[in-house]
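Enquirer: I'd like to ask you about the structure that follows.
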Amino acid sequence: MAIDLSMPVLVVDDYNTMIRIIRNLLKQIGFEDIDDAADGSAALGKMREKRYGLVISDWNMEPMTGYELLKEVRADPSLSKTPFIMVTAESKTENVIAAKKAGVNNYIVKPFNAQTLQSKIQAVFAD
Amino acid sequence: MARVKTQQLESLIECLHQKRQEDVSLADVLSLAEITAQSLQVFFETMDTAVYREMHEIAGYIERMRGEIGALQVDEIKKDRIPAAGQELGAIVKSTESATNTIMECAEALMCADASDPKAFQALVQEKMVLIFEACSFQDITGQRIAKVIETLQNIETRVSRFARAVGTTPPTDKAAYASDQEKARAERAQRLLLNGPQLDGQAIDQKTVDDLFK
């Protein structure tokens, strides 16, 4: 299934450099409409104002983590279908299992490369 | 002799009264205990040599503890070593951020560059490559800064271990009982939200294992 590259993507990370890296990789893939937020609550605010086709979020942020954001998104009927990829340094099995149980579509462990990001985005939209 | 010690004791109590609003150090408390023990020593000498010996040992132990507290140099750790280590770590964050920004700016400039003029494009690539090499020199300095922080941690560890051995402490069974409210709140949040942080090699699972969990 071809990915709709015109869909808006929201990148959530409290580290500006990581936002910049993911933004550039997404541009390389062909996405053009890319927004960002510094934590889960800022992301949730943006998601309630604009309909995003994909959310790529870090886990460890304050005040609201990516894990809390994921659970909020899945609990909100208007947002619950939004594809959600976790990109995080949280690399324990319990984190992956918890995220999967909460409804994450895919999980990328930092540090990652462009090919991994692209293949996970493709996998999400192939499902 | 007893009168002299009593006067010392009174002056120490007076000193502690004046410091009531401030933190009373462990050294102050030990000084008080030492003078108290020495004062009572004269009294017990006349009563029982066994008690005298006991008091003498207690006074000796207190004296040794004072020496150990001195060797710990808490003030130096608190005022000099930890702030200096914090400054080194701050400088590391700043220099890595600056280098990352430089490298990213170069990469972004090349991403957007017009390659239709090969000569101009080649010159731009060379210019940006030099900038990237220069930016990478941060690694040498941050390595030296990290070595200084490690040295500080090792120094503190040595002093604390020596003190723990001298005092003969055993590790607490309930570590949480020693944590501040702020530390307890952070630990509770980390546990509830699974904030484990980056793992060392061998403790983390790799992308392939993650992918297997999604099959």
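Residue numbers start at 1 in each chain; chains themselves are named A, B, ... in the order of the structure tokens; ligands are numbered from 1 in the order shown.
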Just want the 12 Å neighbourhood of Val74 (chain B), counted on only C-alpha atoms, with same-chain residues fewer than 4 positions away dropped. Output as a list in words.
Expert: Ser25, Leu26, Ala27, Glu68, Ile69, Gly70, Lys78, Lys79, Asp80, Arg81, Ile82, Asn155, Ile156, Arg159, Val160 and Phe163 of chain B
Enquirer: Please produce a file of those selected residues containing N, CA and C atoms, as a PDB file, in the first residue's frame.
Expert:
```pdb
ATOM      1  N   SER B  25      26.415  20.442  62.985  1.00  0.00           N
ATOM      2  CA  SER B  25      27.120  19.386  62.257  1.00  0.00           C
ATOM      3  C   SER B  25      27.362  18.171  63.140  1.00  0.00           C
ATOM      4  N   LEU B  26      27.658  17.064  62.469  1.00  0.00           N
ATOM      5  CA  LEU B  26      27.963  15.831  63.189  1.00  0.00           C
ATOM      6  C   LEU B  26      29.230  16.031  64.027  1.00  0.00           C
ATOM      7  N   ALA B  27      30.156  16.856  63.512  1.00  0.00           N
ATOM      8  CA  ALA B  27      31.397  17.136  64.240  1.00  0.00           C
ATOM      9  C   ALA B  27      31.088  17.841  65.565  1.00  0.00           C
ATOM     10  N   GLU B  68      37.780  10.415  61.036  1.00  0.00           N
ATOM     11  CA  GLU B  68      37.173   9.891  59.806  1.00  0.00           C
ATOM     12  C   GLU B  68      36.277  10.934  59.145  1.00  0.00           C
ATOM     13  N   ILE B  69      35.536  11.671  59.981  1.00  0.00           N
ATOM     14  CA  ILE B  69      34.670  12.728  59.427  1.00  0.00           C
ATOM     15  C   ILE B  69      35.531  13.805  58.770  1.00  0.00           C
ATOM     16  N   GLY B  70      36.647  14.090  59.392  1.00  0.00           N
ATOM     17  CA  GLY B  70      37.575  15.075  58.810  1.00  0.00           C
ATOM     18  C   GLY B  70      38.080  14.588  57.464  1.00  0.00           C
ATOM     19  N   LYS B  78      30.874  19.032  48.840  1.00  0.00           N
ATOM     20  CA  LYS B  78      29.644  19.795  48.602  1.00  0.00           C
ATOM     21  C   LYS B  78      29.898  21.128  47.882  1.00  0.00           C
ATOM     22  N   LYS B  79      30.973  21.814  48.309  1.00  0.00           N
ATOM     23  CA  LYS B  79      31.203  23.167  47.750  1.00  0.00           C
ATOM     24  C   LYS B  79      32.047  23.166  46.484  1.00  0.00           C
ATOM     25  N   ASP B  80      32.960  22.208  46.362  1.00  0.00           N
ATOM     26  CA  ASP B  80      33.890  22.259  45.222  1.00  0.00           C
ATOM     27  C   ASP B  80      33.667  21.134  44.205  1.00  0.00           C
ATOM     28  N   ARG B  81      33.771  19.901  44.701  1.00  0.00           N
ATOM     29  CA  ARG B  81      33.835  18.790  43.741  1.00  0.00           C
ATOM     30  C   ARG B  81      32.525  18.579  42.969  1.00  0.00           C
ATOM     31  N   ILE B  82      31.384  18.541  43.695  1.00  0.00           N
ATOM     32  CA  ILE B  82      30.115  18.284  42.992  1.00  0.00           C
ATOM     33  C   ILE B  82      29.751  19.449  42.065  1.00  0.00           C
ATOM     34  N   ASN B 155      36.667   9.606  43.563  1.00  0.00           N
ATOM     35  CA  ASN B 155      37.188  10.209  44.791  1.00  0.00           C
ATOM     36  C   ASN B 155      36.138  10.176  45.901  1.00  0.00           C
ATOM     37  N   ILE B 156      34.899  10.553  45.540  1.00  0.00           N
ATOM     38  CA  ILE B 156      33.806  10.559  46.525  1.00  0.00           C
ATOM     39  C   ILE B 156      33.536   9.125  46.989  1.00  0.00           C
ATOM     40  N   ARG B 159      36.149   7.997  49.516  1.00  0.00           N
ATOM     41  CA  ARG B 159      35.993   8.611  50.843  1.00  0.00           C
ATOM     42  C   ARG B 159      34.788   8.025  51.585  1.00  0.00           C
ATOM     43  N   VAL B 160      33.670   7.884  50.869  1.00  0.00           N
ATOM     44  CA  VAL B 160      32.451   7.368  51.509  1.00  0.00           C
ATOM     45  C   VAL B 160      32.646   5.914  51.939  1.00  0.00           C
ATOM     46  N   PHE B 163      34.727   5.800  55.025  1.00  0.00           N
ATOM     47  CA  PHE B 163      33.933   6.241  56.183  1.00  0.00           C
ATOM     48  C   PHE B 163      32.969   5.126  56.617  1.00  0.00           C
TER      49      PHE B 163
END
```
Enquirer: Go through chain B and flag each residue having an atom no more than 10 Å from chain A; for those, report the closest pair of atoms plus their distance in Å to one decimal, using only C-alpha atoms, ordered by chain and rising number, as JSON lines.
Expert:
```
{"residue": "B:Glu97", "atom": "CA", "partner": "A:Thr17", "partner_atom": "CA", "distance": 7.9}
{"residue": "B:Thr100", "atom": "CA", "partner": "A:Thr17", "partner_atom": "CA", "distance": 7.6}
{"residue": "B:Asn101", "atom": "CA", "partner": "A:Thr17", "partner_atom": "CA", "distance": 7.6}
{"residue": "B:Met104", "atom": "CA", "partner": "A:Ile21", "partner_atom": "CA", "distance": 8.0}
{"residue": "B:Ala107", "atom": "CA", "partner": "A:Asn24", "partner_atom": "CA", "distance": 9.5}
{"residue": "B:Glu108", "atom": "CA", "partner": "A:Asn24", "partner_atom": "CA", "distance": 7.8}
{"residue": "B:Met111", "atom": "CA", "partner": "A:Gln28", "partner_atom": "CA", "distance": 8.8}
{"residue": "B:Ala190", "atom": "CA", "partner": "A:Asn60", "partner_atom": "CA", "distance": 9.4}
{"residue": "B:Leu193", "atom": "CA", "partner": "A:Tyr67", "partner_atom": "CA", "distance": 7.2}
{"residue": "B:Leu194", "atom": "CA", "partner": "A:Asn95", "partner_atom": "CA", "distance": 6.4}
{"residue": "B:Leu195", "atom": "CA", "partner": "A:Asn60", "partner_atom": "CA", "distance": 6.4}
{"residue": "B:Asn196", "atom": "CA", "partner": "A:Glu90", "partner_atom": "CA", "distance": 6.3}
{"residue": "B:Gly197", "atom": "CA", "partner": "A:Glu90", "partner_atom": "CA", "distance": 5.4}
{"residue": "B:Pro198", "atom": "CA", "partner": "A:Ala89", "partner_atom": "CA", "distance": 5.1}
{"residue": "B:Gln199", "atom": "CA", "partner": "A:Ser91", "partner_atom": "CA", "distance": 6.7}
{"residue": "B:Leu200", "atom": "CA", "partner": "A:Ser91", "partner_atom": "CA", "distance": 9.7}
{"residue": "B:Gln203", "atom": "CA", "partner": "A:Lys92", "partner_atom": "CA", "distance": 7.8}
{"residue": "B:Ala204", "atom": "CA", "partner": "A:Ser91", "partner_atom": "CA", "distance": 5.2}
{"residue": "B:Ile205", "atom": "CA", "partner": "A:Ser91", "partner_atom": "CA", "distance": 5.6}
{"residue": "B:Asp206", "atom": "CA", "partner": "A:Val109", "partner_atom": "CA", "distance": 7.1}
{"residue": "B:Gln207", "atom": "CA", "partner": "A:Val109", "partner_atom": "CA", "distance": 6.0}
{"residue": "B:Lys208", "atom": "CA", "partner": "A:Val109", "partner_atom": "CA", "distance": 9.7}
{"residue": "B:Thr209", "atom": "CA", "partner": "A:Thr93", "partner_atom": "CA", "distance": 8.7}
{"residue": "B:Val210", "atom": "CA", "partner": "A:Val96", "partner_atom": "CA", "distance": 6.9}
{"residue": "B:Asp211", "atom": "CA", "partner": "A:Tyr107", "partner_atom": "CA", "distance": 7.8}
{"residue": "B:Leu213", "atom": "CA", "partner": "A:Ile97", "partner_atom": "CA", "distance": 7.6}
{"residue": "B:Phe214", "atom": "CA", "partner": "A:Asn106", "partner_atom": "CA", "distance": 7.4}
```
Enquirer: In Å, how far is it from CA of Gly40 (chain A) to CA of Ser95 (chain B)?
Expert: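 For CA of Gly40 (chain A) relative to CA of Ser95 (chain B), the distance reads 27.9 Å.
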Enquirer: Identify all residues of chain B in alpha helix (DSSP H) (DSSP on the backbone) and supply them as a PyMOL selection string.
Expert: chain B and resi 2-18+26-45+49-72+74-76+82-112+118-135+138-167+181-192+207-213
Enquirer: Can you list every residue in chain A that DSSP puts in strand (DSSP E or B), as a list in words?
Expert: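 Restricting chain A to strand (DSSP E or B) produces Val9, Leu10, Val11, Val12, Ile34, Asp35, Asp36, Ala37, Leu54, Val55, Ile56, Ser57, Phe84, Ile85, Met86, Val87, Thr88, Asn106, Tyr107, Ile108 and Val109 of chain A.
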Enquirer: May I ask for the distance between CA of Leu30 (chain B) and CA of Ile62 (chain B), given in Å to one decimal place?
Expert: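 Calculated distance between CA of Leu30 (chain B) and CA of Ile62 (chain B) is 6.6 Å.
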Enquirer: Would you mind listing what lies within 9 Å of region 134-141 of chain B as a PyMOL selection string, with only C-alpha atoms counted and same-chain residues fewer than 3 positions away left out?
Expert: chain B and resi 92+95-96+98-100+102-103+129-131+144-146
Enquirer: Using only N, CA and C atoms, please write the residues we just selected to a file, as an mmCIF file, in the first residue's frame.
Expert:
```
data_model
loop_
_atom_site.group_PDB
_atom_site.id
_atom_site.type_symbol
_atom_site.label_atom_id
_atom_site.label_comp_id
_atom_site.auth_asym_id
_atom_site.auth_seq_id
_atom_site.Cartn_x
_atom_site.Cartn_y
_atom_site.Cartn_z
ATOM 1 N N ILE B 92 29.752 19.700 28.678
ATOM 2 C CA ILE B 92 29.673 18.569 27.726
ATOM 3 C C ILE B 92 28.382 18.666 26.910
ATOM 4 N N SER B 95 28.697 21.569 24.416
ATOM 5 C CA SER B 95 29.585 21.352 23.273
ATOM 6 C C SER B 95 29.033 20.289 22.320
ATOM 7 N N THR B 96 28.384 19.251 22.871
ATOM 8 C CA THR B 96 27.816 18.230 21.966
ATOM 9 C C THR B 96 26.646 18.823 21.177
ATOM 10 N N SER B 98 26.284 22.010 20.383
ATOM 11 C CA SER B 98 26.834 22.932 19.392
ATOM 12 C C SER B 98 27.377 22.160 18.181
ATOM 13 N N ALA B 99 28.114 21.067 18.458
ATOM 14 C CA ALA B 99 28.678 20.263 17.362
ATOM 15 C C ALA B 99 27.562 19.635 16.524
ATOM 16 N N THR B 100 26.520 19.134 17.209
ATOM 17 C CA THR B 100 25.398 18.509 16.492
ATOM 18 C C THR B 100 24.715 19.530 15.587
ATOM 19 N N THR B 102 26.031 22.224 14.263
ATOM 20 C CA THR B 102 26.904 22.536 13.121
ATOM 21 C C THR B 102 26.801 21.441 12.059
ATOM 22 N N ILE B 103 26.879 20.191 12.515
ATOM 23 C CA ILE B 103 26.833 19.054 11.579
ATOM 24 C C ILE B 103 25.470 18.995 10.868
ATOM 25 N N MET B 129 32.210 19.804 4.438
ATOM 26 C CA MET B 129 32.968 18.685 5.007
ATOM 27 C C MET B 129 34.005 19.183 6.005
ATOM 28 N N VAL B 130 34.678 20.260 5.666
ATOM 29 C CA VAL B 130 35.677 20.833 6.589
ATOM 30 C C VAL B 130 34.989 21.244 7.888
ATOM 31 N N LEU B 131 33.817 21.869 7.766
ATOM 32 C CA LEU B 131 33.069 22.291 8.958
ATOM 33 C C LEU B 131 32.679 21.084 9.831
ATOM 34 N N GLN B 144 37.925 14.365 27.770
ATOM 35 C CA GLN B 144 38.734 14.835 28.914
ATOM 36 C C GLN B 144 37.832 15.312 30.058
ATOM 37 N N ARG B 145 36.730 15.971 29.683
ATOM 38 C CA ARG B 145 35.802 16.459 30.727
ATOM 39 C C ARG B 145 35.156 15.270 31.458
ATOM 40 N N ILE B 146 34.762 14.268 30.675
ATOM 41 C CA ILE B 146 34.138 13.081 31.283
ATOM 42 C C ILE B 146 35.132 12.393 32.229
#
```
